[in-house]
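Trainee: Here it is: the structure, laid out below.
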Amino acid sequence: MLESLDTIKTIALSELQKTSDMKTLRLWYSTHLSKSSQLIKSLRNLSNVAAKDRPTIGKHANDIRKILEQAYEDRTSYLNKSVESPGHKHIALDVTLPGRSLNRGRLHIATQTLRRIYTIWADMGFQIYRSREIETDELNFELLNIPLHHPARDMWDTFHTNSPGVILRTHTSPGQIHAMQANAPDPIRVILPGMCYRYEQITARSEIQFNQVEGLAIGTNIRFTDLKGTLSDFARRMFGTSTRTRFRASHFPFTEPSAEMDIECFLCSGEGCRVCKKTGWLEILGCGMVHPAVLTNGGYEPKKYTGFAFGMGPERIAMLKYGIDDIRHFWGNDLRFLEQF
Ligand code: FA5
């Protein structure tokens with residue numbers, strides 16, 4: 001009798017595991033725990049069992065009933081949970097499947113270009129000097145040798161704040177004055193990166209906000225040949241070892257003499273193409289020897305110290321390097337553009 005009760009238990013538990021929904025679970029209950037089930041019948045018919053065996057068999061049958069009832073409750077709540085989250089129902093875990101890949105972000109193309117520029121200048125001994133984006137008219141213009149009413153101000157119209165004389169900087173050049181005043185009379189080799197703002201028409205090549213990287217080297221015996229050699233070396237590191245450069249005379253009120261540096265067009269190797277507008281050359285930056293008036297404003301004695309400075313636009317450099325046809329893509333936040341880099 002005891003053995004047949006154990007068999008009932010084994011079969012019932014094994015069948016319980018096979019129930020997959022409430023319908024099969026109810027069927028299981030009526031087979032194994034209802035009044036008509038074999039187990040409950042045997043409990044009812046205990047009077048037919050010999051009196052000496054009755055307590056043992058009765059206890060055993062009752063224990064099995066409790067086990068089955070508990071198992072039934074457990075199974076009910078398990079199946080209920082499966083119904084709540086059907087996605088997990090009956091899904092076997094396949095540990096050999098490849099994991100789901102995360103959507104990884106990336107650095108913005110302007111940041112990538114800036115970092116490449118930082119690395120090159122760091123290798124040449126230039127430190128990064130951060131300078132503020134909200135400037136005074138005095139630093140953005142006057143101390144850079146651009147007095148009020150100077151015609152050069154027209155090229156650098158900007159955004160004004162409610163405080164008179166406080167503007168958004170039009171270039172990173174005011175950082176030159178900050179760096180000089182903080183270091184004079186010690187030699188300086190710094191680059192000054194950051195956002196600049198100009199009140200101008202937005203076109204495929206011109207934005208109202210854009211990055212610049214300024215460079216400044218001050219010391220004794222720094223000459224125009226140092227400027228040319230250092231900037232040409234930068235161009236070779238940035239665009240490839242065979243890159244040729246040329247310097248064209250230009251004008252900036254804060255440098256004398258002033259120049260613009262072009263690199264030979266790397267798309268057509270100087271033959272002339274659409275990107276270089278058939279000239280074979282691409283303009284990269286403005287530069288020059290720091291004007292004596294600016295050296296004085298920065299705290300350096302112009303008879304003793306000389307230096308060179310330059311300013312480049314990383315977005316325009318990236319446009320050349322990657323063939324980007326419109327600067328407005330940079331701040332348009334379109335993933336189709338950003339994901340290409
Ligand atoms: C200047 O801003 C000078 N401060 C550069 C300089 C520094 C010369 C030190 C001499 C010594 P310019 O206005 O040309 O120069 O601007 C420099 C670079 O900034 C340009 O070559 C271009 O790459 C970038 N740039 C200027 N205006 C815009 C604009 N609206 N949108 C995007 N890039 C611009």
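Chain lettering (A, B, ...) mirrors the order of the structure tokens, residue numbering begins at 1 for each chain separately, and ligand numbering begins at 1 in order of display.
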If we count only C-alpha atoms and set the cut-off at 10 Å, which residues sit around Phe159 of chain A, ignoring sequence neighbours fewer than 5 positions away in its own chain? Please answer as a PyMOL selection string.
Mentor: chain A and resi 134+166-170+197-200+208
Trainee: Those same residues, written as a compact mmCIF listing (two decimals), in the first residue's frame with N, CA and C atoms?
Mentor:
```
# COMPACT_ATOMS: atom_id res chain seq x y z
N ILE A 134 33.26 84.16 -23.47
CA ILE A 134 32.65 85.49 -23.35
C ILE A 134 33.80 86.44 -23.01
N VAL A 166 30.82 93.68 -23.42
CA VAL A 166 31.01 92.24 -23.19
C VAL A 166 30.38 91.48 -24.36
N ILE A 167 31.21 90.71 -25.05
CA ILE A 167 30.75 90.09 -26.30
C ILE A 167 31.13 88.60 -26.33
N LEU A 168 30.60 87.87 -27.32
CA LEU A 168 31.08 86.50 -27.55
C LEU A 168 32.31 86.64 -28.44
N ARG A 169 33.39 85.95 -28.10
CA ARG A 169 34.64 86.17 -28.84
C ARG A 169 34.49 85.76 -30.30
N THR A 170 35.12 86.51 -31.17
CA THR A 170 35.02 86.24 -32.61
C THR A 170 36.14 85.34 -33.08
N TYR A 197 32.40 82.85 -32.20
CA TYR A 197 31.06 83.24 -32.67
C TYR A 197 31.16 84.45 -33.59
N ARG A 198 30.43 84.40 -34.68
CA ARG A 198 30.44 85.56 -35.57
C ARG A 198 29.03 85.81 -36.08
N TYR A 199 28.69 87.07 -36.15
CA TYR A 199 27.38 87.44 -36.66
C TYR A 199 27.54 87.58 -38.16
N GLU A 200 27.33 86.46 -38.86
CA GLU A 200 27.49 86.52 -40.31
C GLU A 200 26.52 85.56 -40.98
N ILE A 208 27.77 80.45 -37.71
CA ILE A 208 27.87 81.54 -36.73
C ILE A 208 28.61 81.07 -35.48
```
Trainee: Near Arg316 of chain A, counting only C-alpha atoms, which residues have an atom at most 12 Å away, once you skip same-chain residues fewer than 4 positions from it, shown as a VMD selection string?
Mentor: chain A and resid 109 to 110 113 to 114 204 to 207 210 to 213 282 to 285 312 320 to 330
Trainee: Give me the residues near Ser173 of chain A as a PyMOL selection string, where near means some atom within 9 Å (using only C-alpha atoms) and where sequence neighbours in that chain fewer than 3 positions away do not count.
Mentor: chain A and resi 139-140+144+169-170+176-177+192+214-215+254+309-311
Trainee: Smallest atom-to-atom distance to ligand 1: which of A:Asn333, A:Ser258, A:Ser14, A:Gln340, using only C-alpha atoms and all ligand atoms?
Mentor: A:Ser258
Trainee: Env of His178 of chain A: 12 Å cut, atoms = only C-alpha atoms, seq-sep filter 6 positions within chain, self excluded. Answer as a list in words.
Mentor: Tyr129, Arg130, Ser131, Arg132, Glu135, Thr136, Glu138, Leu139, Asn140, Leu143, Leu144, Thr172, Ala184, Ile188, Val190, Leu192, Leu216, Val294, Leu295, Asn297, Gly298 and Gly299 of chain A
Trainee: Based on DSSP run over this structure's backbone, return all residues of segment 84-321 of chain A in strand (DSSP E), as an MDAnalysis selection string.
Mentor: chainID A and resid 127:128 134:136 166:168 188:197 209:219 245:252 255:264 281:290 306:312
Trainee: Please save C-alpha atoms of the selected residues as a PDB file, in the first residue's frame.
Mentor:
```pdb
ATOM      1  CA  GLN A 127      50.468  72.974 -24.082  1.00  0.00           C
ATOM      2  CA  ILE A 128      46.701  73.524 -24.207  1.00  0.00           C
ATOM      3  CA  ILE A 134      32.653  85.491 -23.346  1.00  0.00           C
ATOM      4  CA  GLU A 135      35.170  88.271 -23.771  1.00  0.00           C
ATOM      5  CA  THR A 136      35.533  91.977 -23.378  1.00  0.00           C
ATOM      6  CA  VAL A 166      31.009  92.242 -23.189  1.00  0.00           C
ATOM      7  CA  ILE A 167      30.750  90.086 -26.305  1.00  0.00           C
ATOM      8  CA  LEU A 168      31.084  86.505 -27.551  1.00  0.00           C
ATOM      9  CA  ILE A 188      55.381  80.423 -24.070  1.00  0.00           C
ATOM     10  CA  ARG A 189      54.353  77.608 -26.356  1.00  0.00           C
ATOM     11  CA  VAL A 190      50.600  77.092 -26.213  1.00  0.00           C
ATOM     12  CA  ILE A 191      47.611  76.251 -28.330  1.00  0.00           C
ATOM     13  CA  LEU A 192      44.255  77.804 -27.478  1.00  0.00           C
ATOM     14  CA  PRO A 193      41.274  75.807 -28.738  1.00  0.00           C
ATOM     15  CA  GLY A 194      37.583  76.594 -28.441  1.00  0.00           C
ATOM     16  CA  MET A 195      34.342  77.952 -29.802  1.00  0.00           C
ATOM     17  CA  CYS A 196      34.123  81.310 -31.554  1.00  0.00           C
ATOM     18  CA  TYR A 197      31.059  83.245 -32.668  1.00  0.00           C
ATOM     19  CA  GLN A 209      29.651  79.262 -34.253  1.00  0.00           C
ATOM     20  CA  PHE A 210      32.752  77.245 -35.016  1.00  0.00           C
ATOM     21  CA  ASN A 211      35.949  76.044 -33.369  1.00  0.00           C
ATOM     22  CA  GLN A 212      39.345  77.602 -33.791  1.00  0.00           C
ATOM     23  CA  VAL A 213      42.737  76.489 -32.611  1.00  0.00           C
ATOM     24  CA  GLU A 214      45.074  79.368 -31.951  1.00  0.00           C
ATOM     25  CA  GLY A 215      48.804  78.851 -31.496  1.00  0.00           C
ATOM     26  CA  LEU A 216      51.324  81.093 -29.790  1.00  0.00           C
ATOM     27  CA  ALA A 217      55.085  80.815 -29.326  1.00  0.00           C
ATOM     28  CA  ILE A 218      56.977  83.627 -27.576  1.00  0.00           C
ATOM     29  CA  GLY A 219      60.668  83.664 -26.714  1.00  0.00           C
ATOM     30  CA  THR A 245      52.832  74.166 -48.141  1.00  0.00           C
ATOM     31  CA  ARG A 246      52.974  77.748 -49.344  1.00  0.00           C
ATOM     32  CA  PHE A 247      52.679  81.066 -47.526  1.00  0.00           C
ATOM     33  CA  ARG A 248      50.823  84.020 -49.026  1.00  0.00           C
ATOM     34  CA  ALA A 249      51.148  87.564 -47.698  1.00  0.00           C
ATOM     35  CA  SER A 250      48.058  88.646 -45.771  1.00  0.00           C
ATOM     36  CA  HIS A 251      46.998  91.133 -43.145  1.00  0.00           C
ATOM     37  CA  PHE A 252      45.982  90.760 -39.509  1.00  0.00           C
ATOM     38  CA  THR A 255      50.641  90.147 -36.523  1.00  0.00           C
ATOM     39  CA  GLU A 256      53.349  91.728 -38.642  1.00  0.00           C
ATOM     40  CA  PRO A 257      54.227  90.372 -41.124  1.00  0.00           C
ATOM     41  CA  SER A 258      51.079  88.277 -41.642  1.00  0.00           C
ATOM     42  CA  ALA A 259      50.441  85.328 -43.926  1.00  0.00           C
ATOM     43  CA  GLU A 260      47.955  82.615 -44.854  1.00  0.00           C
ATOM     44  CA  MET A 261      49.208  79.084 -45.186  1.00  0.00           C
ATOM     45  CA  ASP A 262      47.925  76.842 -47.995  1.00  0.00           C
ATOM     46  CA  ILE A 263      48.576  73.143 -48.422  1.00  0.00           C
ATOM     47  CA  GLU A 264      48.846  71.468 -51.778  1.00  0.00           C
ATOM     48  CA  TRP A 281      46.020  74.777 -53.134  1.00  0.00           C
ATOM     49  CA  LEU A 282      43.789  74.745 -50.041  1.00  0.00           C
ATOM     50  CA  GLU A 283      43.835  77.500 -47.429  1.00  0.00           C
ATOM     51  CA  ILE A 284      44.389  76.137 -43.930  1.00  0.00           C
ATOM     52  CA  LEU A 285      45.177  78.962 -41.525  1.00  0.00           C
ATOM     53  CA  GLY A 286      46.159  82.556 -40.855  1.00  0.00           C
ATOM     54  CA  CYS A 287      49.452  83.355 -39.121  1.00  0.00           C
ATOM     55  CA  GLY A 288      52.194  85.891 -38.556  1.00  0.00           C
ATOM     56  CA  MET A 289      54.808  87.301 -36.207  1.00  0.00           C
ATOM     57  CA  VAL A 290      53.201  88.748 -33.072  1.00  0.00           C
ATOM     58  CA  THR A 306      59.580  87.878 -30.509  1.00  0.00           C
ATOM     59  CA  GLY A 307      57.001  85.278 -31.327  1.00  0.00           C
ATOM     60  CA  PHE A 308      54.649  83.805 -33.859  1.00  0.00           C
ATOM     61  CA  ALA A 309      50.925  83.086 -33.766  1.00  0.00           C
ATOM     62  CA  PHE A 310      48.455  81.273 -35.955  1.00  0.00           C
ATOM     63  CA  GLY A 311      44.754  80.452 -36.057  1.00  0.00           C
ATOM     64  CA  MET A 312      43.031  77.582 -37.845  1.00  0.00           C
TER      65      MET A 312
END
```
Trainee: So, counting only C-alpha atoms and all ligand atoms, which residue among A:Tyr118, A:Phe141, A:Tyr78, A:Phe266 is closest to ligand 1?
Mentor: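 Nearest candidate to ligand 1 out of A:Tyr118, A:Phe141, A:Tyr78, A:Phe266: A:Phe141.
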